[in-house]
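Asker: Following this line is model.tsv, made up of TSV, C-alpha atoms and all ligand atoms:
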```
chain	number	residue	atom	x	y	z
A	11	MET	CA	116.04	64.90	108.29
A	12	SER	CA	114.31	65.59	104.99
A	13	ALA	CA	114.20	69.18	103.86
A	14	ARG	CA	111.06	71.25	103.52
A	15	HIS	CA	110.21	72.16	99.93
A	16	PHE	CA	107.97	74.76	98.29
A	17	LEU	CA	106.78	73.24	95.02
A	18	SER	CA	103.16	74.28	95.40
A	19	LEU	CA	101.02	76.50	97.65
A	20	MET	CA	99.74	73.19	99.08
A	21	ASP	CA	103.15	72.65	100.72
A	22	CYS	CA	102.12	75.26	103.32
A	23	THR	CA	99.07	75.43	105.54
A	24	PRO	CA	96.69	78.39	105.10
A	25	GLN	CA	98.00	79.71	108.44
A	26	GLU	CA	101.62	79.50	107.25
A	27	LEU	CA	100.72	81.31	104.03
A	28	GLY	CA	99.01	84.05	106.03
A	29	SER	CA	102.15	84.44	108.20
A	30	LEU	CA	104.35	84.47	105.09
A	31	ILE	CA	102.38	87.35	103.61
A	32	ARG	CA	102.46	89.29	106.89
A	33	ARG	CA	106.21	88.71	107.08
A	34	ALA	CA	106.67	89.84	103.47
A	35	ILE	CA	104.92	93.11	104.35
A	36	GLU	CA	107.25	93.53	107.37
A	37	LEU	CA	110.35	92.80	105.29
A	38	LYS	CA	109.18	95.34	102.71
A	39	ASP	CA	108.93	97.92	105.47
A	40	LEU	CA	112.42	97.04	106.80
A	41	ARG	CA	113.86	97.56	103.34
A	42	LYS	CA	112.00	100.87	102.88
A	43	ARG	CA	113.57	102.01	106.17
A	44	SER	CA	117.04	100.77	105.03
A	45	VAL	CA	117.31	98.44	108.04
A	46	LEU	CA	120.09	95.88	107.65
A	47	PHE	CA	118.67	92.36	108.19
A	48	GLU	CA	121.03	89.52	107.27
A	49	PRO	CA	119.85	86.23	108.81
A	50	LEU	CA	121.12	84.21	105.82
A	51	LYS	CA	124.75	85.34	105.95
A	52	ASN	CA	126.93	82.64	104.36
A	53	ARG	CA	123.94	80.83	102.91
A	54	VAL	CA	123.88	80.08	99.19
A	55	LEU	CA	120.89	79.58	96.90
A	56	GLY	CA	121.42	77.73	93.61
A	57	MET	CA	119.06	78.84	90.83
A	58	ILE	CA	118.50	76.48	87.91
A	59	PHE	CA	116.77	78.22	85.01
A	60	GLU	CA	115.66	76.04	82.08
A	61	LYS	CA	113.44	78.90	80.85
A	62	ALA	CA	113.96	82.66	80.55
A	63	SER	CA	113.27	85.01	83.46
A	64	THR	CA	113.62	88.63	84.53
A	65	ARG	CA	111.59	88.94	87.76
A	66	THR	CA	112.18	85.51	89.25
A	67	ARG	CA	115.94	85.62	88.78
A	68	LEU	CA	116.32	89.19	90.01
A	69	SER	CA	114.02	88.83	93.00
A	70	PHE	CA	115.71	85.65	94.24
A	71	GLU	CA	119.22	86.95	93.59
A	72	ALA	CA	118.62	90.39	95.09
A	73	GLY	CA	116.63	88.82	97.93
A	74	MET	CA	119.45	86.47	98.91
A	75	ILE	CA	122.00	89.29	98.82
A	76	GLN	CA	119.75	91.52	100.94
A	77	LEU	CA	119.34	88.69	103.49
A	78	GLY	CA	123.14	88.46	103.73
A	79	GLY	CA	123.60	85.40	101.51
A	80	GLN	CA	124.35	84.80	97.85
A	81	ALA	CA	122.73	83.21	94.82
A	82	ILE	CA	124.32	81.30	91.95
A	83	PHE	CA	122.67	81.28	88.52
A	84	LEU	CA	122.88	77.93	86.72
A	85	SER	CA	121.81	77.59	83.10
A	86	PRO	CA	121.36	74.21	81.39
A	87	ARG	CA	123.88	75.36	78.78
A	88	ASP	CA	126.67	75.31	81.35
A	89	THR	CA	125.76	72.48	83.72
A	90	GLN	CA	126.02	68.73	83.36
A	91	LEU	CA	122.30	68.60	84.17
A	92	GLY	CA	121.80	70.25	80.78
A	93	ARG	CA	123.94	67.51	79.17
A	94	GLY	CA	121.87	64.70	80.61
A	95	GLU	CA	123.31	64.06	84.09
A	96	PRO	CA	120.38	62.43	85.93
A	97	ILE	CA	118.18	64.77	87.97
A	98	ALA	CA	118.62	62.59	91.08
A	99	ASP	CA	122.43	62.69	90.82
A	100	SER	CA	122.41	66.44	90.25
A	101	ALA	CA	120.15	66.94	93.28
A	102	LYS	CA	122.40	64.83	95.51
A	103	VAL	CA	125.51	66.73	94.50
A	104	MET	CA	124.09	70.25	94.39
A	105	SER	CA	122.34	69.91	97.73
A	106	ARG	CA	125.63	68.99	99.41
A	107	MET	CA	127.04	72.38	98.44
A	108	LEU	CA	124.03	74.68	98.52
A	109	ASP	CA	121.56	75.67	101.24
A	110	ALA	CA	118.53	75.84	98.94
A	111	VAL	CA	117.78	75.34	95.26
A	112	MET	CA	115.27	77.22	93.09
A	113	ILE	CA	114.28	75.58	89.83
A	114	ARG	CA	112.42	76.99	86.81
A	115	THR	CA	111.63	74.12	84.50
A	116	PHE	CA	109.20	72.52	82.04
A	117	ALA	CA	107.80	69.25	83.46
A	118	HIS	CA	106.69	69.59	87.08
A	119	SER	CA	108.11	66.08	87.66
A	120	THR	CA	111.62	67.56	87.31
A	121	LEU	CA	110.92	69.50	90.50
A	122	THR	CA	109.41	66.60	92.42
A	123	GLU	CA	112.22	64.28	91.37
A	124	PHE	CA	114.90	66.81	92.29
A	125	ALA	CA	113.21	67.48	95.64
A	126	ALA	CA	113.00	63.77	96.41
A	127	HIS	CA	116.80	63.55	96.25
A	128	SER	CA	117.71	66.93	97.72
A	129	GLN	CA	118.95	67.43	101.27
A	130	VAL	CA	118.04	71.10	101.11
A	131	PRO	CA	114.80	72.99	100.36
A	132	VAL	CA	113.72	73.10	96.72
A	133	ILE	CA	111.61	76.04	95.53
A	134	ASN	CA	109.43	76.05	92.42
A	135	GLY	CA	110.37	79.11	90.34
A	136	LEU	CA	107.75	78.08	87.72
A	137	SER	CA	106.92	74.80	86.03
A	138	ASP	CA	104.48	73.97	83.23
A	139	ASP	CA	101.94	73.28	86.01
A	140	LEU	CA	102.48	75.86	88.76
A	141	HIS	CA	104.01	79.22	89.70
A	142	PRO	CA	103.51	79.42	93.49
A	143	CYS	CA	106.06	82.19	94.17
A	144	GLN	CA	104.08	84.49	91.88
A	145	LEU	CA	100.91	83.84	93.87
A	146	LEU	CA	102.66	84.85	97.10
A	147	ALA	CA	103.32	88.24	95.50
A	148	ASP	CA	99.79	88.44	94.08
A	149	MET	CA	98.20	87.70	97.45
A	150	GLN	CA	100.54	90.17	99.18
A	151	THR	CA	99.51	92.87	96.70
A	152	PHE	CA	95.79	92.29	97.21
A	153	ILE	CA	96.07	92.08	101.01
A	154	GLU	CA	98.21	95.25	101.23
A	155	GLN	CA	95.69	97.22	99.18
A	156	ARG	CA	92.34	95.75	100.20
A	157	GLY	CA	92.83	93.62	103.33
A	158	SER	CA	91.83	89.95	103.59
A	159	ILE	CA	90.91	88.17	100.36
A	160	ALA	CA	88.82	85.56	102.22
A	161	GLY	CA	85.27	85.44	100.88
A	162	LYS	CA	86.09	87.65	97.89
A	163	THR	CA	85.57	86.82	94.21
A	164	VAL	CA	88.50	86.50	91.82
A	165	ALA	CA	88.23	86.28	88.02
A	166	TRP	CA	90.86	84.63	85.85
A	167	VAL	CA	90.47	85.53	82.17
A	168	GLY	CA	92.42	83.74	79.43
A	169	ASP	CA	94.54	80.62	79.29
A	170	GLY	CA	94.11	77.81	81.83
A	171	ASN	CA	97.88	77.71	82.28
A	172	ASN	CA	100.38	77.38	85.16
A	173	MET	CA	99.25	80.72	86.64
A	174	CYS	CA	95.60	79.70	86.41
A	175	ASN	CA	96.34	76.35	88.12
A	176	THR	CA	98.07	78.25	90.90
A	177	TYR	CA	95.09	80.60	91.32
A	178	ILE	CA	92.98	77.45	91.79
A	179	GLU	CA	95.27	76.36	94.64
A	180	ALA	CA	95.22	79.89	96.06
A	181	ALA	CA	91.40	79.86	96.08
A	182	GLN	CA	91.56	76.89	98.45
A	183	GLN	CA	94.39	78.17	100.62
A	184	PHE	CA	93.28	81.83	100.86
A	185	ASP	CA	89.53	81.03	100.88
A	186	PHE	CA	88.15	82.91	97.86
A	187	GLN	CA	85.79	82.07	95.00
A	188	LEU	CA	87.40	81.81	91.57
A	189	ARG	CA	85.72	82.18	88.18
A	190	ILE	CA	87.76	81.20	85.17
A	191	ALA	CA	86.86	82.40	81.67
A	192	CYS	CA	88.77	80.43	79.05
A	193	PRO	CA	88.13	79.08	75.56
A	194	GLN	CA	86.99	75.48	75.12
A	195	GLY	CA	90.01	73.18	75.18
A	196	TYR	CA	92.18	75.62	77.18
A	197	GLU	CA	90.86	74.80	80.65
A	198	PRO	CA	93.20	74.37	83.61
A	199	LYS	CA	94.33	70.81	84.44
A	200	ALA	CA	91.47	68.59	85.61
A	201	GLU	CA	93.35	67.46	88.74
A	202	PHE	CA	93.55	71.04	90.06
A	203	LEU	CA	89.88	71.70	89.28
A	204	ALA	CA	88.82	68.46	90.98
A	205	ALA	CA	90.71	69.33	94.16
A	206	ALA	CA	89.04	72.75	94.36
A	207	GLY	CA	85.44	71.53	94.01
A	208	GLU	CA	82.73	74.21	94.34
A	209	ARG	CA	85.21	76.99	94.94
A	210	VAL	CA	86.10	77.26	91.25
A	211	ARG	CA	83.75	77.69	88.30
A	212	ILE	CA	84.55	77.69	84.57
A	213	VAL	CA	82.59	80.08	82.39
A	214	ARG	CA	83.07	80.96	78.72
A	215	ASP	CA	82.09	84.63	78.82
A	216	PRO	CA	84.73	86.97	80.30
A	217	ARG	CA	82.01	89.46	81.38
A	218	GLU	CA	80.28	86.76	83.37
A	219	ALA	CA	83.57	85.87	85.09
A	220	VAL	CA	84.41	89.47	85.91
A	221	ALA	CA	80.93	90.62	87.11
A	222	GLY	CA	81.31	91.87	90.68
A	223	ALA	CA	84.88	90.49	91.02
A	224	HIS	CA	87.30	92.05	93.52
A	225	LEU	CA	90.42	90.87	91.72
A	226	VAL	CA	90.88	90.25	87.99
A	227	SER	CA	93.99	88.62	86.58
A	228	THR	CA	95.29	87.27	83.31
A	229	ASP	CA	98.53	86.11	81.74
A	230	VAL	CA	100.08	85.62	78.30
A	231	TRP	CA	98.15	83.53	75.80
A	232	THR	CA	101.29	81.62	74.81
A	233	SER	CA	103.45	80.39	77.66
A	234	MET	CA	107.11	79.49	77.45
A	235	GLY	CA	107.45	76.20	75.59
A	236	GLN	CA	104.26	76.73	73.50
A	237	GLU	CA	105.78	79.10	70.95
A	238	GLU	CA	104.77	76.97	67.94
A	239	GLU	CA	101.08	77.37	68.94
A	240	ALA	CA	101.29	81.18	69.11
A	241	ALA	CA	99.40	82.06	65.89
A	242	GLU	CA	96.55	79.66	66.59
A	243	ARG	CA	96.24	80.89	70.17
A	244	LEU	CA	96.28	84.55	69.12
A	245	ALA	CA	93.16	84.03	67.01
A	246	LEU	CA	91.35	81.84	69.54
A	247	PHE	CA	91.92	84.02	72.59
A	248	LYS	CA	90.95	87.35	70.99
A	249	PRO	CA	87.59	87.59	72.83
A	250	TYR	CA	89.45	87.16	76.13
A	251	GLN	CA	91.40	90.43	76.13
A	252	VAL	CA	91.15	92.31	79.46
A	253	SER	CA	90.38	96.01	78.89
A	254	ARG	CA	89.29	98.99	80.98
A	255	ALA	CA	85.73	98.39	79.78
A	256	LEU	CA	85.84	94.78	81.01
A	257	LEU	CA	87.11	95.93	84.43
A	258	ASP	CA	84.14	98.32	84.59
A	259	ALA	CA	81.94	95.22	84.94
A	260	ALA	CA	83.79	94.21	88.12
A	261	ASP	CA	83.29	95.48	91.67
A	262	PRO	CA	84.13	99.22	91.97
A	263	SER	CA	87.03	98.27	94.31
A	264	VAL	CA	88.54	95.81	91.78
A	265	ILE	CA	92.29	95.54	91.29
A	266	PHE	CA	93.93	94.07	88.22
A	267	LEU	CA	97.07	91.94	88.41
A	268	HIS	CA	99.36	90.55	85.71
A	269	CYS	CA	102.40	88.44	86.57
A	270	LEU	CA	104.27	89.95	83.58
A	271	PRO	CA	105.76	89.95	81.01
A	272	ALA	CA	102.65	91.46	79.35
A	273	HIS	CA	101.70	91.62	75.69
A	274	ARG	CA	99.79	94.84	75.15
A	275	GLY	CA	97.18	94.44	72.42
A	276	GLU	CA	96.91	90.70	73.18
A	277	GLU	CA	95.80	89.54	76.65
A	278	ILE	CA	95.51	93.16	77.83
A	279	SER	CA	94.48	96.33	76.00
A	280	GLU	CA	97.24	98.81	75.14
A	281	ASP	CA	96.30	101.12	78.03
A	282	LEU	CA	95.39	98.67	80.79
A	283	LEU	CA	98.62	98.85	82.80
A	284	ASP	CA	98.19	102.66	82.96
A	285	ASP	CA	94.77	102.29	84.60
A	286	PRO	CA	94.80	103.11	88.34
A	287	ARG	CA	93.16	99.73	89.02
A	288	ALA	CA	96.20	97.91	87.58
A	289	LEU	CA	98.86	97.16	90.21
A	290	ALA	CA	101.30	95.10	88.17
A	291	TRP	CA	104.38	97.13	89.19
A	292	ASP	CA	103.67	96.75	92.93
A	293	GLN	CA	102.95	93.10	92.26
A	294	ALA	CA	106.32	92.67	90.52
A	295	GLU	CA	108.14	94.38	93.40
A	296	ASN	CA	106.38	92.11	95.87
A	297	ARG	CA	108.11	89.09	94.33
A	298	LEU	CA	111.20	90.34	96.16
A	299	HIS	CA	109.57	90.73	99.56
A	300	ALA	CA	107.41	87.60	99.41
A	301	GLN	CA	110.34	85.40	98.39
A	302	LYS	CA	112.55	86.87	101.12
A	303	ALA	CA	109.86	85.79	103.59
A	304	LEU	CA	109.85	82.35	101.95
A	305	LEU	CA	113.66	82.05	102.10
A	306	GLU	CA	113.59	83.10	105.76
A	307	LEU	CA	111.07	80.31	106.44
A	308	LEU	CA	112.88	77.56	104.50
A	309	VAL	CA	116.59	78.26	104.87
A	310	GLU	CA	118.27	77.57	108.20
A	311	PRO	CA	120.37	80.56	109.34
A	312	ALA	CA	124.12	79.91	109.91
A	313	TYR	CA	124.33	81.17	113.48
A	314	HIS	CA	127.28	79.24	114.95
A	315	HIS	CA	130.81	80.62	114.96
A	316	ALA	CA	133.86	78.34	115.00
A	401	LIG	N1	106.37	86.76	86.50
A	401	LIG	C1	107.53	86.12	86.31
A	401	LIG	O1	107.76	85.02	86.80
A	401	LIG	O2	108.42	86.81	85.53
A	401	LIG	P1	109.79	86.26	84.92
A	401	LIG	O3	109.45	85.26	83.86
A	401	LIG	O4	110.46	87.49	84.38
A	401	LIG	O5	110.60	85.62	86.03
A	402	LIG	N1	102.43	81.43	81.88
A	402	LIG	C1	103.67	82.10	81.69
A	402	LIG	C2	104.14	82.76	82.94
A	402	LIG	C3	105.41	83.55	82.82
A	402	LIG	C4	105.85	84.17	84.11
A	402	LIG	C5	104.70	81.10	81.18
A	402	LIG	O1	104.75	79.98	81.70
A	402	LIG	O2	105.46	81.42	80.26
```
Represent the structure contained in this file as C-alpha cells.

Answerer:
Amino acid sequence: MSARHFLSLMDCTPQELGSLIRRAIELKDLRKRSVLFEPLKNRVLGMIFEKASTRTRLSFEAGMIQLGGQAIFLSPRDTQLGRGEPIADSAKVMSRMLDAVMIRTFAHSTLTEFAAHSQVPVINGLSDDLHPCQLLADMQTFIEQRGSIAGKTVAWVGDGNNMCNTYIEAAQQFDFQLRIACPQGYEPKAEFLAAAGERVRIVRDPREAVAGAHLVSTDVWTSMGQEEEAAERLALFKPYQVSRALLDAADPSVIFLHCLPAHRGEEISEDLLDDPRALAWDQAENRLHAQKALLELLVEPAYHHA
C-alpha cells in the first residue's frame, strides 16, 4: 500500500483540512489541560533539513515527543544524502526504518521524488514552492480568533514566494478571496495562479490589496537560497512594507499574520508585531498543534503488543 503524503494543501480535501484544524484546536486544549495523549508511542519521525529552521524543527520534534514518539534530526552535513546518495535510494532506506519523514528542501521535486520512493508518509516542511504546514497554523489562528474564513478577503503583501503560493492553494481549499500586492517580476508561480482562477487577483498597490481585508499577511523579502539578491530586493520591495497605517485600511476586524522569522524595518514596520491586530506568536505556537493533528492523521499508531 502506498503511503499518504502531505506535500501540498491539495493533498487533502477541504473537508479533511477543516477536520485537521478542528483537531488541532482540540489537541491545543488537551495540552493546556496537561492531558497525556500518546497515540504515536514507539513511532519515529525523520526530519531532513537542507535549510535552517527554528519553528519547524521545534514544533515537529516537540510534537512527536508529546504524542509519545520521537523525532530524529538529519542534516545534509551528516547524511549520505548530503554527499550525493540518490534521493530514491535514501527514501527506500529511510522509510524502512522510520514511520514518517519531514523534509525541508530547495527544489520541490526533491520532495516529490522522495515521496515516490517512500513507504511512509512524507511531509513538506518547506520547499522553494510551498510551505503547507505553515498554512495549517495560519488557518487555525484565523479560525480560532474569527471563526470560518470562508467568503472572507485575505491580502498578501510582498514577495510572491513559497508562502504566497501556499496562500493561493489555501484560498481554494478554505474558500476565501486573495489579493496579492507584489512588485512586477515577483509574482507567484503562474501554475498556482492558473489553478486558482478568479479567486486570486494580483494588484500593484498594497493599499488596494488591503482595503477591507479580514486577514493581512506578509513574509521576508529574501527567502532562504536567495541571499545574493538581498540588496536588490531591499530597494525594490520598500513600498510593500506592512505598517499599522496600512492595516488601518483593512476591515476593522483584521488580523495580521507573519510566518516568522520577521525583519523589522523591512517587510514590517518596527512596531507591527506589538500591535494588538498582530497574532504572530499565537500563529507560531499553532505550528505545534496543527502539525500534531497532521501527524495523528498520517502516522499509523503502534497499537499491537507482542
Ligand atoms: N515559519 C517557519 O517555518 O519558521 P522556521 O524557518 O523557523 O522553521
Ligand atoms: N519564504 C521564507 C519562509 C521562511 C519560513 C523562506 O523560504 O525562507

Asker: In Å, how far is it from atom CA of Gly168 of chain A to atom CA of Val264 of chain A?

Answerer: 17.7 Å

Asker: List as a VMD selection string the protein and nucleic acid residues lying within 12 Å of ligand LIG 401 (chain A), with all atoms listed in the file counted.

Answerer: chain A and resid 57 59 to 71 112 to 115 134 to 137 140 to 148 172 to 173 228 to 230 233 to 234 267 to 272 290 to 291 293 to 298 301

Asker: At a cut-off of 6 Å, using all atoms listed in the file, what residues contact Pro131 of chain A? Leave out same-chain residues fewer than 6 positions from it and give the result as a ChimeraX atom specification.

Answerer: /A:13-15,110

Asker: Considering only C-alpha atoms, return as a list in words whatever protein or nucleic-acid residues lie within 6 Å of Ala219 of chain A, sequence-local ones (same chain, fewer than 6 positions apart) excluded.

Answerer: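 Everything that qualifies: Ala165, Arg189 and Ala191 of chain A.
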
Asker: Set the distance at 9 Å and use all atoms listed in the file: which residues neighbour segment 244-261 of chain A once local chain neighbours fewer than 4 positions away are removed? I'd like the list as a compact mmCIF listing (two decimals) with C-alpha atoms, in the frame of the given file.

Answerer:
```
# COMPACT_ATOMS: atom_id res chain seq x y z
CA VAL A 167 90.47 85.53 82.17
CA GLY A 168 92.42 83.74 79.43
CA ASP A 169 94.54 80.62 79.29
CA ALA A 191 86.86 82.40 81.67
CA CYS A 192 88.77 80.43 79.05
CA PRO A 193 88.13 79.08 75.56
CA ASP A 215 82.09 84.63 78.82
CA PRO A 216 84.73 86.97 80.30
CA ARG A 217 82.01 89.46 81.38
CA GLU A 218 80.28 86.76 83.37
CA ALA A 219 83.57 85.87 85.09
CA VAL A 220 84.41 89.47 85.91
CA ALA A 221 80.93 90.62 87.11
CA GLY A 222 81.31 91.87 90.68
CA ALA A 223 84.88 90.49 91.02
CA HIS A 224 87.30 92.05 93.52
CA LEU A 225 90.42 90.87 91.72
CA VAL A 226 90.88 90.25 87.99
CA SER A 227 93.99 88.62 86.58
CA THR A 228 95.29 87.27 83.31
CA TRP A 231 98.15 83.53 75.80
CA THR A 232 101.29 81.62 74.81
CA GLU A 239 101.08 77.37 68.94
CA ALA A 240 101.29 81.18 69.11
CA ILE A 265 92.29 95.54 91.29
CA PHE A 266 93.93 94.07 88.22
CA GLY A 275 97.18 94.44 72.42
CA GLU A 276 96.91 90.70 73.18
CA GLU A 277 95.80 89.54 76.65
CA ILE A 278 95.51 93.16 77.83
CA SER A 279 94.48 96.33 76.00
CA GLU A 280 97.24 98.81 75.14
CA ASP A 281 96.30 101.12 78.03
CA LEU A 282 95.39 98.67 80.79
CA ASP A 285 94.77 102.29 84.60
CA ARG A 287 93.16 99.73 89.02
```

Asker: Restricting the calculation to all atoms listed in the file: of A:Ala181, A:Glu26, A:Ser263, A:Ala316, which residue gets closest to Gln155 of chain A?

Answerer: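 The closest residue to Gln155 of chain A is A:Ser263.
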
Asker: How many Å lie between atom CA of Glu201 of chain A and atom CA of Asp139 of chain A, rounded to one decimal?

Answerer: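 Distance between the two atoms: 10.7 Å.
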
Asker: Kindly give the distance, in Å, that separates atom CA of Ile133 of chain A and atom CA of Pro86 of chain A, rounded to a single decimal.

Answerer: 17.3 Å

Asker: If we count all atoms listed in the file and set the cut-off at 10 Å, which residues sit around Ser158 of chain A, ignoring sequence neighbours fewer than 6 positions away in its own chain? Please answer as a short mmCIF file (atom, residue, chain, number, x, y, z; two decimals) with C-alpha atoms, in the coordinates of the input.

Answerer:
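And here's part.cif as it stands now:
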```cif
data_model
loop_
_atom_site.label_atom_id
_atom_site.label_comp_id
_atom_site.auth_asym_id
_atom_site.auth_seq_id
_atom_site.Cartn_x
_atom_site.Cartn_y
_atom_site.Cartn_z
CA GLY A 28 99.01 84.05 106.03
CA MET A 149 98.20 87.70 97.45
CA GLN A 150 100.54 90.17 99.18
CA PHE A 152 95.79 92.29 97.21
CA PHE A 184 93.28 81.83 100.86
CA ASP A 185 89.53 81.03 100.88
CA PHE A 186 88.15 82.91 97.86
#
```

Asker: Please provide the set of residues having any atom within 10 Å of Pro24 of chain A, restricted to all atoms listed in the file, with same-chain residues fewer than 4 positions apart removed, written as an MDAnalysis selection string.

Answerer: chainID A and resid 19:20 28:30 180 182:185

Asker: Hey, can you spit out that residue selection with C-alpha atoms as a tab-separated table (two decimals), in the frame of the given file?

Answerer:
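Output (again36.tsv):
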```
chain	number	residue	atom	x	y	z
A	19	LEU	CA	101.02	76.50	97.65
A	20	MET	CA	99.74	73.19	99.08
A	28	GLY	CA	99.01	84.05	106.03
A	29	SER	CA	102.15	84.44	108.20
A	30	LEU	CA	104.35	84.47	105.09
A	180	ALA	CA	95.22	79.89	96.06
A	182	GLN	CA	91.56	76.89	98.45
A	183	GLN	CA	94.39	78.17	100.62
A	184	PHE	CA	93.28	81.83	100.86
A	185	ASP	CA	89.53	81.03	100.88
```

Asker: For Ile153 of chain A, which residue out of A:Ala303, A:Val130, A:Ile35, A:Cys22 is the nearest one, using only C-alpha atoms?

Answerer: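 Under the stated criterion, the closest residue is A:Ile35.
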
Asker: Using 4 Å of padding on each side, determine the axis-aligned box around all atoms of segment 59-63 of chain A present in the file and give its centre and edge lengths in Å to one decimal, as AutoDock Vina command-line options.

Answerer:
```
--center_x 115.0 --center_y 80.5 --center_z 82.8 --size_x 11.5 --size_y 17.0 --size_z 12.5
```

Asker: Which is closest to ligand LIG 402 (chain A) among A:Glu208, A:Asp88, A:Glu95, A:Asp138, if we use all atoms listed in the file?

Answerer: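 The closest residue to ligand LIG 402 (chain A) is A:Asp138.
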
Asker: Would you be able to write out as a ChimeraX atom specification which residues have an atom within 10 Å of (120.0, 66.9, 87.0) in the file's coordinates, counting only C-alpha atoms?

Answerer: /A:58,86,89-104,120,123-124

Asker: Would you write out those residues with C-alpha atoms, as a short mmCIF file (atom, residue, chain, number, x, y, z; two decimals), keeping the file's coordinate frame?

Answerer:
```cif
data_model
loop_
_atom_site.label_atom_id
_atom_site.label_comp_id
_atom_site.auth_asym_id
_atom_site.auth_seq_id
_atom_site.Cartn_x
_atom_site.Cartn_y
_atom_site.Cartn_z
CA ILE A 58 118.50 76.48 87.91
CA PRO A 86 121.36 74.21 81.39
CA THR A 89 125.76 72.48 83.72
CA GLN A 90 126.02 68.73 83.36
CA LEU A 91 122.30 68.60 84.17
CA GLY A 92 121.80 70.25 80.78
CA ARG A 93 123.94 67.51 79.17
CA GLY A 94 121.87 64.70 80.61
CA GLU A 95 123.31 64.06 84.09
CA PRO A 96 120.38 62.43 85.93
CA ILE A 97 118.18 64.77 87.97
CA ALA A 98 118.62 62.59 91.08
CA ASP A 99 122.43 62.69 90.82
CA SER A 100 122.41 66.44 90.25
CA ALA A 101 120.15 66.94 93.28
CA LYS A 102 122.40 64.83 95.51
CA VAL A 103 125.51 66.73 94.50
CA MET A 104 124.09 70.25 94.39
CA THR A 120 111.62 67.56 87.31
CA GLU A 123 112.22 64.28 91.37
CA PHE A 124 114.90 66.81 92.29
#
```

Asker: I'd like to know which of A:Ile190, A:Leu108, A:Ala117, A:Leu46 is closest to ligand LIG 402 (chain A), using all atoms listed in the file.

Answerer: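 Using all atoms listed in the file, ligand LIG 402 (chain A) sits closest to A:Ala117.
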
Asker: Show me the residues around (115.9, 85.9, 102.2) - criterion: an atom at most 10 Å away, all atoms listed in the file counted - as a PyMOL selection string.

Answerer: chain A and resi 37+47-51+53+55+69-80+298-309+311

Asker: Measuring between all atoms listed in the file, which one of A:Leu27, A:Leu283, A:Ala205, A:Cys174 shows the shortest distance to ligand LIG 402 (chain A)?

Answerer: A:Cys174

Asker: Between A:His118, A:Val132, A:Glu242, A:Thr151, which residue has the minimum interatomic distance to ligand LIG 402 (chain A), considering only C-alpha atoms and all ligand atoms?

Answerer: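 Smallest distance to ligand LIG 402 (chain A) is found for A:His118.
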